[in-house]
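K.L.:
Here you go, this is data-v3.csv (CSV, C-alpha atoms and all ligand atoms).
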```csv
chain,number,residue,atom,x,y,z
R,109,MET,CA,16.2,-33.8,-0.7
R,110,ASN,CA,16.5,-30.4,-2.2
R,111,VAL,CA,15.4,-30.9,-5.8
R,112,GLN,CA,15.4,-27.2,-6.6
R,113,ALA,CA,19.1,-26.9,-6.1
R,114,LYS,CA,19.8,-29.6,-8.6
R,115,SER,CA,17.6,-29.1,-11.6
R,116,GLY,CA,16.0,-25.8,-11.0
R,117,LEU,CA,12.5,-27.0,-11.7
R,118,GLN,CA,11.1,-28.4,-8.4
R,119,THR,CA,8.6,-31.2,-8.8
R,120,PHE,CA,5.7,-31.7,-6.4
R,121,PRO,CA,4.3,-35.3,-6.4
R,122,ASP,CA,0.9,-33.9,-5.3
R,123,LEU,CA,0.8,-31.7,-8.4
R,124,ARG,CA,1.8,-34.4,-11.0
R,125,SER,CA,-1.7,-34.7,-12.5
R,126,ALA,CA,-2.4,-30.9,-12.5
R,127,GLU,CA,1.0,-30.4,-14.2
R,128,THR,CA,0.3,-33.0,-16.8
R,129,GLY,CA,-3.1,-31.4,-17.5
R,130,LEU,CA,-1.6,-27.9,-17.7
R,131,LEU,CA,1.2,-29.0,-20.1
R,132,ARG,CA,-1.1,-31.0,-22.3
R,133,GLU,CA,-3.8,-28.3,-22.6
R,134,SER,CA,-1.5,-25.3,-23.2
R,135,GLY,CA,1.1,-27.1,-25.1
R,136,ALA,CA,3.8,-25.8,-22.8
R,137,SER,CA,7.0,-27.7,-22.2
R,138,ALA,CA,7.7,-26.9,-18.6
R,139,VAL,CA,5.9,-25.6,-15.5
R,140,ALA,CA,7.6,-23.9,-12.5
R,141,TRP,CA,5.3,-23.9,-9.5
R,142,CYS,CA,5.6,-20.7,-7.5
R,143,GLY,CA,4.3,-19.3,-4.2
R,144,ARG,CA,2.2,-16.7,-6.1
R,145,GLY,CA,1.5,-15.3,-9.5
R,146,ALA,CA,3.9,-12.4,-8.8
R,147,THR,CA,6.8,-14.8,-8.4
R,148,ALA,CA,5.9,-16.4,-11.7
R,149,LEU,CA,5.8,-13.0,-13.4
R,150,TYR,CA,9.3,-12.3,-12.0
R,151,TRP,CA,10.7,-15.4,-13.6
R,152,ALA,CA,8.9,-14.7,-16.8
R,153,TYR,CA,10.5,-11.2,-17.0
R,154,ARG,CA,13.9,-12.7,-16.2
R,155,MET,CA,13.4,-15.1,-19.1
R,156,ALA,CA,12.3,-12.4,-21.5
R,157,ALA,CA,15.3,-10.3,-20.7
R,158,HIS,CA,17.6,-13.3,-20.9
R,159,GLY,CA,20.5,-13.0,-23.3
R,160,ARG,CA,19.7,-9.5,-24.3
R,161,SER,CA,22.2,-6.7,-24.1
R,162,ALA,CA,21.9,-4.9,-20.8
R,163,ALA,CA,23.3,-1.6,-22.3
R,164,ASP,CA,19.9,-0.1,-22.4
R,165,LYS,CA,17.1,-0.4,-19.9
R,166,ARG,CA,14.8,-3.1,-21.3
R,167,GLU,CA,11.1,-2.4,-21.5
R,168,VAL,CA,7.9,-4.5,-21.1
R,169,ILE,CA,4.6,-3.4,-22.5
R,170,LEU,CA,1.6,-3.9,-20.1
R,171,PRO,CA,-2.1,-3.1,-20.3
R,172,ALA,CA,-3.0,0.1,-18.4
R,173,ILE,CA,-6.0,-1.8,-16.8
R,174,SER,CA,-4.7,-4.5,-14.4
R,175,CYS,CA,-3.7,-4.7,-10.8
R,176,VAL,CA,-0.3,-3.0,-10.2
R,177,VAL,CA,1.4,-6.4,-9.5
R,178,PRO,CA,2.6,-7.1,-13.1
R,179,ALA,CA,4.1,-3.7,-13.5
R,180,ASP,CA,5.5,-3.6,-10.0
R,181,VAL,CA,7.2,-7.0,-10.5
R,182,ALA,CA,8.7,-5.7,-13.8
R,183,LEU,CA,10.4,-2.9,-11.9
R,184,MET,CA,11.7,-5.4,-9.5
R,185,ALA,CA,13.1,-7.6,-12.3
R,186,GLY,CA,14.9,-4.5,-13.7
R,187,LEU,CA,12.5,-3.8,-16.6
R,188,GLU,CA,10.9,-0.5,-17.4
R,189,PRO,CA,7.1,-0.9,-17.6
R,190,ARG,CA,5.4,0.8,-20.5
R,191,PHE,CA,1.7,1.0,-20.7
R,192,ALA,CA,-0.7,0.4,-23.6
R,193,ASP,CA,-4.2,1.7,-23.7
R,194,VAL,CA,-7.2,-0.7,-23.7
R,195,ASP,CA,-10.4,-1.3,-25.6
R,196,SER,CA,-12.9,1.0,-23.9
R,197,ARG,CA,-15.6,-1.7,-23.9
R,198,THR,CA,-13.7,-4.5,-22.4
R,199,GLY,CA,-10.6,-3.1,-20.7
R,200,LEU,CA,-8.5,-5.6,-22.7
R,201,VAL,CA,-5.2,-4.2,-24.1
R,202,ALA,CA,-5.5,-2.7,-27.6
R,203,LEU,CA,-3.1,-4.0,-30.2
R,204,ASP,CA,-2.6,-0.6,-31.9
R,205,SER,CA,-1.6,0.9,-28.6
R,206,VAL,CA,0.9,-2.0,-27.9
R,207,LYS,CA,2.5,-1.4,-31.3
R,208,ALA,CA,2.7,2.4,-30.6
R,209,ARG,CA,4.7,1.7,-27.4
R,210,TRP,CA,7.3,-0.5,-29.0
R,211,THR,CA,10.9,0.6,-28.9
R,212,PRO,CA,14.1,-1.3,-29.7
R,213,ARG,CA,14.4,-1.9,-25.9
R,214,THR,CA,11.0,-3.8,-25.7
R,215,CYS,CA,11.6,-7.4,-24.7
R,216,ALA,CA,8.1,-8.5,-23.7
R,217,VAL,CA,4.4,-7.8,-23.9
R,218,VAL,CA,2.0,-8.9,-21.2
R,219,PHE,CA,-1.6,-9.8,-22.2
R,220,VAL,CA,-3.8,-9.7,-19.1
R,221,HIS,CA,-7.0,-11.8,-19.5
R,222,LEU,CA,-8.9,-9.2,-17.5
R,223,PHE,CA,-11.8,-10.4,-15.4
R,224,GLY,CA,-11.8,-13.8,-17.2
R,225,GLN,CA,-12.2,-12.2,-20.7
R,226,THR,CA,-10.0,-13.3,-23.6
R,227,SER,CA,-9.6,-12.2,-27.2
R,228,ASP,CA,-8.1,-13.6,-30.3
R,229,LEU,CA,-4.4,-13.5,-29.5
R,230,ARG,CA,-3.1,-14.6,-32.9
R,231,PRO,CA,-2.5,-11.1,-34.3
R,232,LEU,CA,-0.7,-10.0,-31.1
R,233,ALA,CA,1.3,-13.2,-31.1
R,234,GLU,CA,2.3,-12.8,-34.7
R,235,TRP,CA,3.3,-9.2,-34.1
R,236,CYS,CA,5.4,-10.2,-31.1
R,237,ARG,CA,7.2,-12.9,-33.1
R,238,SER,CA,7.9,-10.4,-35.9
R,239,LYS,CA,9.5,-8.0,-33.4
R,240,GLY,CA,11.4,-10.7,-31.5
R,241,VAL,CA,9.6,-9.9,-28.2
R,242,ALA,CA,8.2,-12.5,-25.7
R,243,LEU,CA,4.4,-12.7,-25.3
R,244,ILE,CA,3.5,-13.3,-21.7
R,245,GLU,CA,-0.1,-14.3,-21.0
R,246,ASP,CA,-1.3,-13.4,-17.5
R,247,ALA,CA,-4.1,-15.8,-16.7
R,248,ALA,CA,-4.4,-14.9,-13.0
R,249,LEU,CA,-8.1,-14.0,-13.4
R,250,ALA,CA,-8.9,-16.4,-16.2
R,251,LEU,CA,-7.9,-19.9,-15.0
R,252,GLY,CA,-9.8,-22.4,-17.2
R,253,ALA,CA,-10.9,-19.8,-19.8
R,254,ARG,CA,-11.1,-20.6,-23.5
R,255,LEU,CA,-9.8,-18.4,-26.4
R,256,PRO,CA,-12.2,-17.7,-29.2
R,257,ASP,CA,-10.7,-20.6,-31.2
R,258,GLY,CA,-11.6,-22.9,-28.3
R,259,ARG,CA,-8.1,-23.5,-27.2
R,260,PRO,CA,-7.2,-22.7,-23.5
R,261,VAL,CA,-5.7,-19.5,-22.3
R,262,GLY,CA,-2.0,-20.1,-22.1
R,263,SER,CA,-1.9,-21.7,-25.5
R,264,ALA,CA,-0.9,-18.5,-27.4
R,265,GLY,CA,1.9,-16.9,-25.4
R,266,ASP,CA,5.6,-17.9,-25.1
R,267,MET,CA,5.0,-18.0,-21.3
R,268,THR,CA,1.9,-18.0,-19.2
R,269,VAL,CA,1.5,-16.9,-15.6
R,270,TYR,CA,-1.1,-18.4,-13.3
R,271,SER,CA,-2.2,-17.4,-9.8
R,272,PHE,CA,-4.2,-19.6,-7.4
R,273,GLY,CA,-4.2,-16.9,-4.7
R,274,ARG,CA,-6.9,-15.3,-2.7
R,275,LYS,CA,-9.5,-13.4,-4.8
R,276,LYS,CA,-8.5,-15.2,-8.0
R,277,ILE,CA,-10.3,-18.3,-9.3
R,278,LEU,CA,-9.2,-21.3,-7.3
R,279,GLU,CA,-8.2,-19.3,-4.2
R,280,CYS,CA,-6.1,-22.1,-2.6
R,281,GLY,CA,-2.7,-20.4,-2.7
R,282,GLY,CA,0.2,-20.6,-5.1
R,283,GLY,CA,1.1,-19.7,-8.7
R,284,ALA,CA,2.8,-21.1,-11.7
R,285,LEU,CA,4.8,-20.2,-14.8
R,286,ALA,CA,4.4,-22.3,-17.9
R,287,VAL,CA,6.9,-21.9,-20.7
R,288,ARG,CA,6.3,-23.1,-24.3
R,289,SER,CA,9.7,-23.8,-25.9
R,290,ARG,CA,12.4,-26.2,-24.9
R,291,GLU,CA,14.9,-23.3,-24.9
R,292,LEU,CA,12.8,-21.3,-22.4
R,293,ALA,CA,12.4,-24.4,-20.3
R,294,HIS,CA,16.2,-24.9,-20.1
R,295,ALA,CA,16.8,-21.2,-19.5
R,296,LEU,CA,14.2,-21.3,-16.7
R,297,GLU,CA,15.8,-24.4,-15.1
R,298,ASP,CA,19.2,-22.5,-15.1
R,299,GLU,CA,17.7,-19.4,-13.7
R,300,LEU,CA,15.9,-21.2,-10.9
R,301,ALA,CA,19.0,-23.2,-10.1
R,302,THR,CA,21.3,-20.2,-9.9
R,303,HIS,CA,18.9,-17.6,-8.4
R,304,PRO,CA,17.5,-18.9,-5.1
R,305,LEU,CA,14.6,-16.9,-3.8
R,306,PRO,CA,15.5,-14.3,-1.1
R,307,PRO,CA,14.2,-14.9,2.4
R,308,GLU,CA,10.7,-13.6,2.6
R,309,PRO,CA,9.3,-11.5,5.5
R,310,ASP,CA,7.4,-13.3,8.2
R,311,ALA,CA,3.6,-13.8,7.8
R,312,GLU,CA,2.7,-10.9,10.1
R,313,THR,CA,4.9,-8.5,8.2
R,314,CYS,CA,3.5,-9.8,4.9
R,315,SER,CA,-0.1,-9.1,5.9
R,316,MET,CA,0.8,-5.7,7.3
R,317,LEU,CA,2.5,-4.8,4.0
R,318,GLU,CA,-0.5,-6.1,2.0
R,319,LEU,CA,-2.8,-4.0,4.1
R,320,SER,CA,-0.7,-0.9,3.7
R,321,ASP,CA,-0.4,-1.4,0.0
R,322,ARG,CA,-4.1,-1.8,-0.4
R,323,ASN,CA,-4.8,1.3,1.7
R,324,LEU,CA,-2.2,3.3,-0.2
R,325,GLN,CA,-3.8,2.4,-3.5
R,326,TYR,CA,-7.4,3.1,-2.3
R,327,ALA,CA,-6.3,6.5,-1.0
R,328,LEU,CA,-4.5,7.5,-4.2
R,329,ILE,CA,-7.3,6.2,-6.4
R,330,ALA,CA,-9.8,8.4,-4.5
R,331,LEU,CA,-7.6,11.4,-5.0
R,332,LEU,CA,-7.2,10.7,-8.7
R,333,ARG,CA,-10.8,9.9,-9.2
R,334,SER,CA,-11.9,13.1,-7.6
R,335,ARG,CA,-9.3,15.0,-9.6
R,336,ALA,CA,-7.9,16.5,-6.3
R,337,LEU,CA,-4.5,15.3,-7.5
R,338,SER,CA,-3.2,15.0,-11.1
R,339,ASP,CA,0.0,13.0,-10.6
R,340,ALA,CA,0.5,10.4,-7.9
R,341,SER,CA,3.4,8.6,-9.6
R,342,GLU,CA,6.3,10.3,-7.8
R,343,MET,CA,4.8,9.4,-4.4
R,344,PHE,CA,3.8,5.9,-5.5
R,345,LEU,CA,7.2,5.1,-7.0
R,346,ARG,CA,9.0,6.3,-3.9
R,347,VAL,CA,7.5,3.7,-1.7
R,348,ARG,CA,7.3,0.6,-4.0
R,349,ALA,CA,10.5,-1.0,-2.8
R,350,ALA,CA,8.9,-1.5,0.6
R,351,TYR,CA,6.1,-3.6,-0.9
R,352,GLN,CA,8.1,-5.6,-3.4
R,353,ARG,CA,9.6,-7.7,-0.7
R,354,ILE,CA,6.5,-9.9,-0.5
R,355,TYR,CA,6.4,-10.8,-4.2
R,356,LEU,CA,8.9,-13.7,-4.3
R,357,ARG,CA,7.7,-16.8,-2.6
R,358,PRO,CA,8.1,-20.6,-2.9
R,359,MET,CA,5.2,-22.9,-3.5
R,360,THR,CA,3.8,-24.0,-0.2
R,361,HIS,CA,0.3,-25.0,-1.1
R,362,ALA,CA,0.8,-28.0,-3.3
R,363,ALA,CA,-1.6,-30.2,-1.4
R,364,GLU,CA,-4.4,-27.6,-1.4
R,365,LEU,CA,-3.9,-26.9,-5.1
R,366,ALA,CA,-3.9,-30.7,-5.9
R,367,SER,CA,-7.3,-31.2,-4.2
R,368,ALA,CA,-8.8,-28.0,-5.7
R,369,TRP,CA,-7.6,-28.7,-9.3
R,370,PRO,CA,-10.1,-31.3,-10.3
R,371,LEU,CA,-13.0,-29.2,-8.9
R,372,LEU,CA,-12.2,-26.3,-11.3
R,373,PRO,CA,-14.9,-27.1,-13.9
R,374,ALA,CA,-17.7,-27.2,-11.3
R,375,LEU,CA,-16.4,-24.1,-9.6
R,376,LEU,CA,-16.5,-22.2,-12.9
R,377,ALA,CA,-20.0,-23.5,-13.6
R,378,ARG,CA,-21.2,-22.1,-10.2
R,379,ARG,CA,-19.6,-18.7,-11.1
R,380,ARG,CA,-21.4,-18.7,-14.4
R,381,ARG,CA,-24.8,-19.5,-12.8
R,382,LYS,CA,-24.5,-16.3,-10.7
R,383,ALA,CA,-23.3,-14.3,-13.8
R,384,ASP,CA,-26.3,-15.6,-15.7
R,385,VAL,CA,-28.6,-14.1,-12.9
R,386,TYR,CA,-26.9,-10.7,-13.1
R,387,ALA,CA,-27.1,-10.8,-16.9
R,388,ALA,CA,-30.8,-11.4,-16.8
R,389,GLU,CA,-31.5,-9.0,-14.0
R,390,LEU,CA,-29.3,-6.2,-15.4
R,391,ALA,CA,-30.2,-6.7,-19.1
R,392,VAL,CA,-31.5,-3.1,-19.4
R,393,GLY,CA,-30.2,-0.1,-17.5
R,394,PRO,CA,-27.9,3.0,-17.6
R,395,TRP,CA,-24.8,0.8,-18.1
R,396,GLN,CA,-23.0,-1.5,-20.5
R,397,LEU,CA,-22.5,-5.1,-19.4
R,398,LEU,CA,-19.2,-6.9,-20.0
R,399,THR,CA,-20.1,-10.1,-21.8
R,400,GLY,CA,-16.7,-11.7,-22.5
R,401,TRP,CA,-17.2,-14.3,-19.7
R,402,GLN,CA,-19.9,-15.9,-21.9
R,403,ASP,CA,-17.3,-16.6,-24.6
R,404,SER,CA,-14.4,-17.5,-22.4
R,405,GLY,CA,-16.4,-19.5,-19.8
R,406,VAL,CA,-14.8,-17.7,-16.9
R,407,CYS,CA,-16.4,-15.0,-14.9
R,408,TRP,CA,-14.0,-13.6,-12.3
R,409,ARG,CA,-16.4,-10.8,-11.1
R,410,TYR,CA,-19.5,-9.7,-12.9
R,411,SER,CA,-18.6,-6.4,-14.4
R,412,LEU,CA,-20.6,-3.5,-15.8
R,413,LEU,CA,-19.7,0.0,-16.9
R,414,LEU,CA,-22.0,2.7,-15.6
R,415,HIS,CA,-22.8,5.3,-18.3
R,416,ASP,CA,-22.4,8.0,-15.8
R,417,ALA,CA,-18.9,7.9,-14.3
R,418,GLU,CA,-19.7,10.5,-11.7
R,419,ARG,CA,-22.2,8.1,-10.1
R,420,VAL,CA,-19.9,5.0,-9.7
R,421,VAL,CA,-18.8,5.8,-6.1
R,422,SER,CA,-22.3,6.8,-4.8
R,423,VAL,CA,-24.0,3.8,-6.4
R,424,SER,CA,-21.3,1.4,-5.1
R,425,GLU,CA,-21.7,2.9,-1.6
R,426,ALA,CA,-25.5,2.6,-1.7
R,427,VAL,CA,-25.2,-1.1,-2.8
R,428,ARG,CA,-22.7,-1.7,-0.1
R,429,ARG,CA,-25.1,-0.2,2.5
R,430,ASP,CA,-27.7,-2.7,1.2
R,431,GLY,CA,-25.3,-5.4,2.3
R,432,PHE,CA,-23.6,-6.5,-0.9
R,433,HIS,CA,-20.0,-6.7,-2.0
R,434,VAL,CA,-19.1,-4.3,-4.8
R,435,SER,CA,-15.7,-3.0,-5.9
R,436,ASN,CA,-14.5,-0.3,-8.2
R,437,LEU,CA,-10.8,-0.4,-7.6
R,438,TYR,CA,-9.1,-0.8,-10.9
R,439,TRP,CA,-7.3,2.3,-11.8
R,440,PRO,CA,-5.0,2.8,-14.8
R,441,VAL,CA,-1.6,1.6,-13.6
R,442,ASN,CA,0.2,4.1,-16.0
R,443,GLN,CA,-1.0,6.8,-13.7
R,444,PHE,CA,0.9,5.3,-10.8
R,445,LEU,CA,4.1,4.3,-12.6
R,446,ARG,CA,4.4,6.2,-15.8
R,447,PRO,CA,1.8,9.0,-16.4
R,448,ASP,CA,3.6,10.0,-19.7
R,449,ASP,CA,2.2,6.8,-21.3
R,450,ALA,CA,-1.2,8.4,-21.7
R,451,CYS,CA,-4.1,5.9,-21.8
R,452,PRO,CA,-7.4,7.9,-22.0
R,453,ASP,CA,-9.6,4.9,-22.8
R,454,ALA,CA,-8.2,3.1,-19.7
R,455,GLU,CA,-9.2,6.1,-17.6
R,456,GLY,CA,-12.7,6.1,-19.1
R,457,PHE,CA,-13.0,2.4,-18.3
R,458,ALA,CA,-11.7,2.7,-14.8
R,459,ARG,CA,-14.0,5.6,-14.0
R,460,ARG,CA,-17.1,3.6,-15.0
R,461,VAL,CA,-16.4,-0.1,-14.0
R,462,VAL,CA,-18.2,-1.8,-11.2
R,463,ASN,CA,-17.5,-5.4,-10.1
R,464,LEU,CA,-20.1,-7.7,-8.5
R,465,TRP,CA,-19.3,-10.9,-6.7
R,466,VAL,CA,-19.8,-14.4,-8.2
R,467,ASP,CA,-17.5,-16.5,-6.1
R,468,ASP,CA,-18.5,-19.2,-3.6
R,469,SER,CA,-19.1,-16.6,-0.8
R,470,VAL,CA,-22.4,-15.8,-2.5
R,471,ASP,CA,-25.2,-17.8,-4.2
R,472,THR,CA,-27.6,-17.1,-7.0
R,473,ASP,CA,-30.2,-15.7,-4.7
R,474,TRP,CA,-27.7,-13.2,-3.3
R,475,ALA,CA,-26.8,-12.3,-6.9
R,476,GLY,CA,-30.4,-11.6,-7.7
R,477,ARG,CA,-30.9,-9.3,-4.7
R,478,CYS,CA,-27.5,-7.6,-5.4
R,479,ALA,CA,-28.7,-6.9,-9.0
R,480,ALA,CA,-31.9,-5.5,-7.7
R,481,SER,CA,-30.0,-3.2,-5.4
R,482,VAL,CA,-27.8,-2.0,-8.3
R,483,ARG,CA,-30.9,-1.4,-10.4
R,484,LYS,CA,-32.5,0.6,-7.7
R,485,HIS,CA,-29.6,2.9,-7.0
R,486,ALA,CA,-28.3,3.3,-10.5
R,487,HIS,CA,-31.7,4.4,-11.8
R,488,GLN,CA,-32.1,7.1,-9.2
R,501,LIG,C1,-3.5,-11.1,-8.6
R,501,LIG,C2,-2.9,-10.9,-10.0
R,501,LIG,C3,-1.5,-11.2,-10.2
R,501,LIG,C4,-0.6,-11.6,-9.1
R,501,LIG,O1,-1.0,-12.9,-8.5
R,501,LIG,P1,-0.6,-13.2,-7.0
R,501,LIG,O2,-0.8,-14.6,-6.8
R,501,LIG,O3,-1.5,-12.4,-6.1
R,501,LIG,O4,0.8,-12.8,-6.8
R,501,LIG,C5,-1.0,-11.0,-11.4
R,501,LIG,N1,-1.8,-10.5,-12.4
R,501,LIG,C6,-3.1,-10.3,-12.3
R,501,LIG,C7,-3.8,-9.8,-13.5
R,501,LIG,C8,-3.7,-10.4,-11.0
R,501,LIG,O5,-4.9,-10.1,-10.9
```
As structure tokens, what does this structure read like?

P.N.:
Amino acid sequence: MNVQAKSGLQTFPDLRSAETGLLRESGASAVAWCGRGATALYWAYRMAAHGRSAADKREVILPAISCVVPADVALMAGLEPRFADVDSRTGLVALDSVKARWTPRTCAVVFVHLFGQTSDLRPLAEWCRSKGVALIEDAALALGARLPDGRPVGSAGDMTVYSFGRKKILECGGGALAVRSRELAHALEDELATHPLPPEPDAETCSMLELSDRNLQYALIALLRSRALSDASEMFLRVRAAYQRIYLRPMTHAAELASAWPLLPALLARRRRKADVYAAELAVGPWQLLTGWQDSGVCWRYSLLLHDAERVVSVSEAVRRDGFHVSNLYWPVNQFLRPDDACPDAEGFARRVVNLWVDDSVDTDWAGRCAASVRKHAHQ
């Protein structure tokens, strides 16, 4: 039976207990299970723009530090992404900068819980309410995290986007959109019932497009980092449509997600144990440690900001040669999609951040040796 065609919100018997837990914890009134976080963002944007005059191009304010997906999906949903600068110590979006980007066309603000970090969202939520714009929490990297008041991520926004995809927290596949109000739940049901997903490319094409997109971003980031190129946006924008085809997918991993869901607390504890090792081993050095994971309970990657931005690439390469995973691939998204929204603190952050692995592919012993490698090469 095609439930989706009838009520919009498809139910998955496998996911009943995950759904009940999610709704109870976050206080949402409905969940739409999706094939990935990008799909959930797409519906969230459609909801945010719902019922507003289409006379002017509507805008969504996004943090400059994030992967490109939230902004890319906004383009796909017909919204203009605007970029707010971040707190230079955490990479989390700065409220003052969000306010400065507001225009009468703004219909949503996305708060990305970057690397598992959170912050007190009440001032942002209040401001969004006063302006009549939707607050969307992006919890892709912060599943299971706690806000400073002890409530779960997803309990402050009008809508919350989850991803269970590769390189996130649960890594079993899929995504979800949770909406708070009954009105949004009804609008979402209507939207899903009347806008079936377009057919997606086959698996082979999807993985080629993902590879191409990754290579494109790596190549452009290296150009921008080395200051060999000052503006990559025209080139980047010109090819986006080719990649956007893989963003809309139906949930096909319900059984995997259902079995992974109850194991989340143990998984988060294993991640924190490795983060604890890094924190002890890297307590002193020519860097600043990001400590937000200690408050939120979720460490996506263990992140540090090297004092000397010029050494990020050479230190990362040296640590990689020692056999450890390390990445430094977050670049201010405004530079790809809207360079006019200047975000100097985001650039400072992106030039200095280094991420170390804490997932189940590594253990605490590995983390200790990786930290020693970072110490050795960063001190040189
Ligand atoms: C990965 C990611 C997404 C998209 O999730 P997918 O499941 O890969 O579509 C959205 N927002 C952030 C912050 C992410 O890291």

K.L.:
When you count all atoms listed in the file, which of these residues is closest to ligand LIG 501 (chain R): R:Val220, R:Leu255, R:Ala208, R:Ala242?

P.N.:
R:Val220

K.L.:
Would you please work out which residue, of R:Thr472, R:Thr399, R:Ser411, R:Ser367, is nearest to Ser125 (chain R) when using all atoms listed in the file?

P.N.:
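Under the stated criterion, the closest residue is R:Ser367.
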
K.L.:
I'd like the neighbourhood of Leu376 (chain R) as a ChimeraX atom specification, where a residue qualifies if any of its atoms comes within 8 Å (using only C-alpha atoms), though same-chain residues fewer than 6 positions away should be ignored.

P.N.:
/R:252,405-407

K.L.:
Please write out the residues within 6 Å of ligand LIG 501 (chain R) as a PDB file with C-alpha atoms, keeping the file's coordinate frame, counting all atoms listed in the file.

P.N.:
```
ATOM      1  CA  ARG R 144       2.200 -16.700  -6.100  1.00  0.00           C
ATOM      2  CA  GLY R 145       1.500 -15.300  -9.500  1.00  0.00           C
ATOM      3  CA  ALA R 146       3.900 -12.400  -8.800  1.00  0.00           C
ATOM      4  CA  SER R 174      -4.700  -4.500 -14.400  1.00  0.00           C
ATOM      5  CA  CYS R 175      -3.700  -4.700 -10.800  1.00  0.00           C
ATOM      6  CA  VAL R 177       1.400  -6.400  -9.500  1.00  0.00           C
ATOM      7  CA  PRO R 178       2.600  -7.100 -13.100  1.00  0.00           C
ATOM      8  CA  VAL R 220      -3.800  -9.700 -19.100  1.00  0.00           C
ATOM      9  CA  ASP R 246      -1.300 -13.400 -17.500  1.00  0.00           C
ATOM     10  CA  ALA R 248      -4.400 -14.900 -13.000  1.00  0.00           C
ATOM     11  CA  LEU R 249      -8.100 -14.000 -13.400  1.00  0.00           C
ATOM     12  CA  SER R 271      -2.200 -17.400  -9.800  1.00  0.00           C
ATOM     13  CA  GLY R 273      -4.200 -16.900  -4.700  1.00  0.00           C
ATOM     14  CA  GLY R 283       1.100 -19.700  -8.700  1.00  0.00           C
TER      15      GLY R 283
END
```

K.L.:
Counting all atoms listed in the file, which of R:Arg348, R:Arg259, R:Arg213, R:Arg333 gets nearest to Leu187 (chain R)?

P.N.:
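Among R:Arg348, R:Arg259, R:Arg213, R:Arg333, it is R:Arg213 that comes nearest to Leu187 (chain R).
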
K.L.:
Tell me, in Å to one decimal, how far CA of Leu412 (chain R) is from CA of Asp453 (chain R).

P.N.:
15.5 Å

K.L.:
Just how far from CA of Ile329 (chain R) is CA of Glu342 (chain R), in Å to one decimal?

P.N.:
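It comes out at 14.3 Å.
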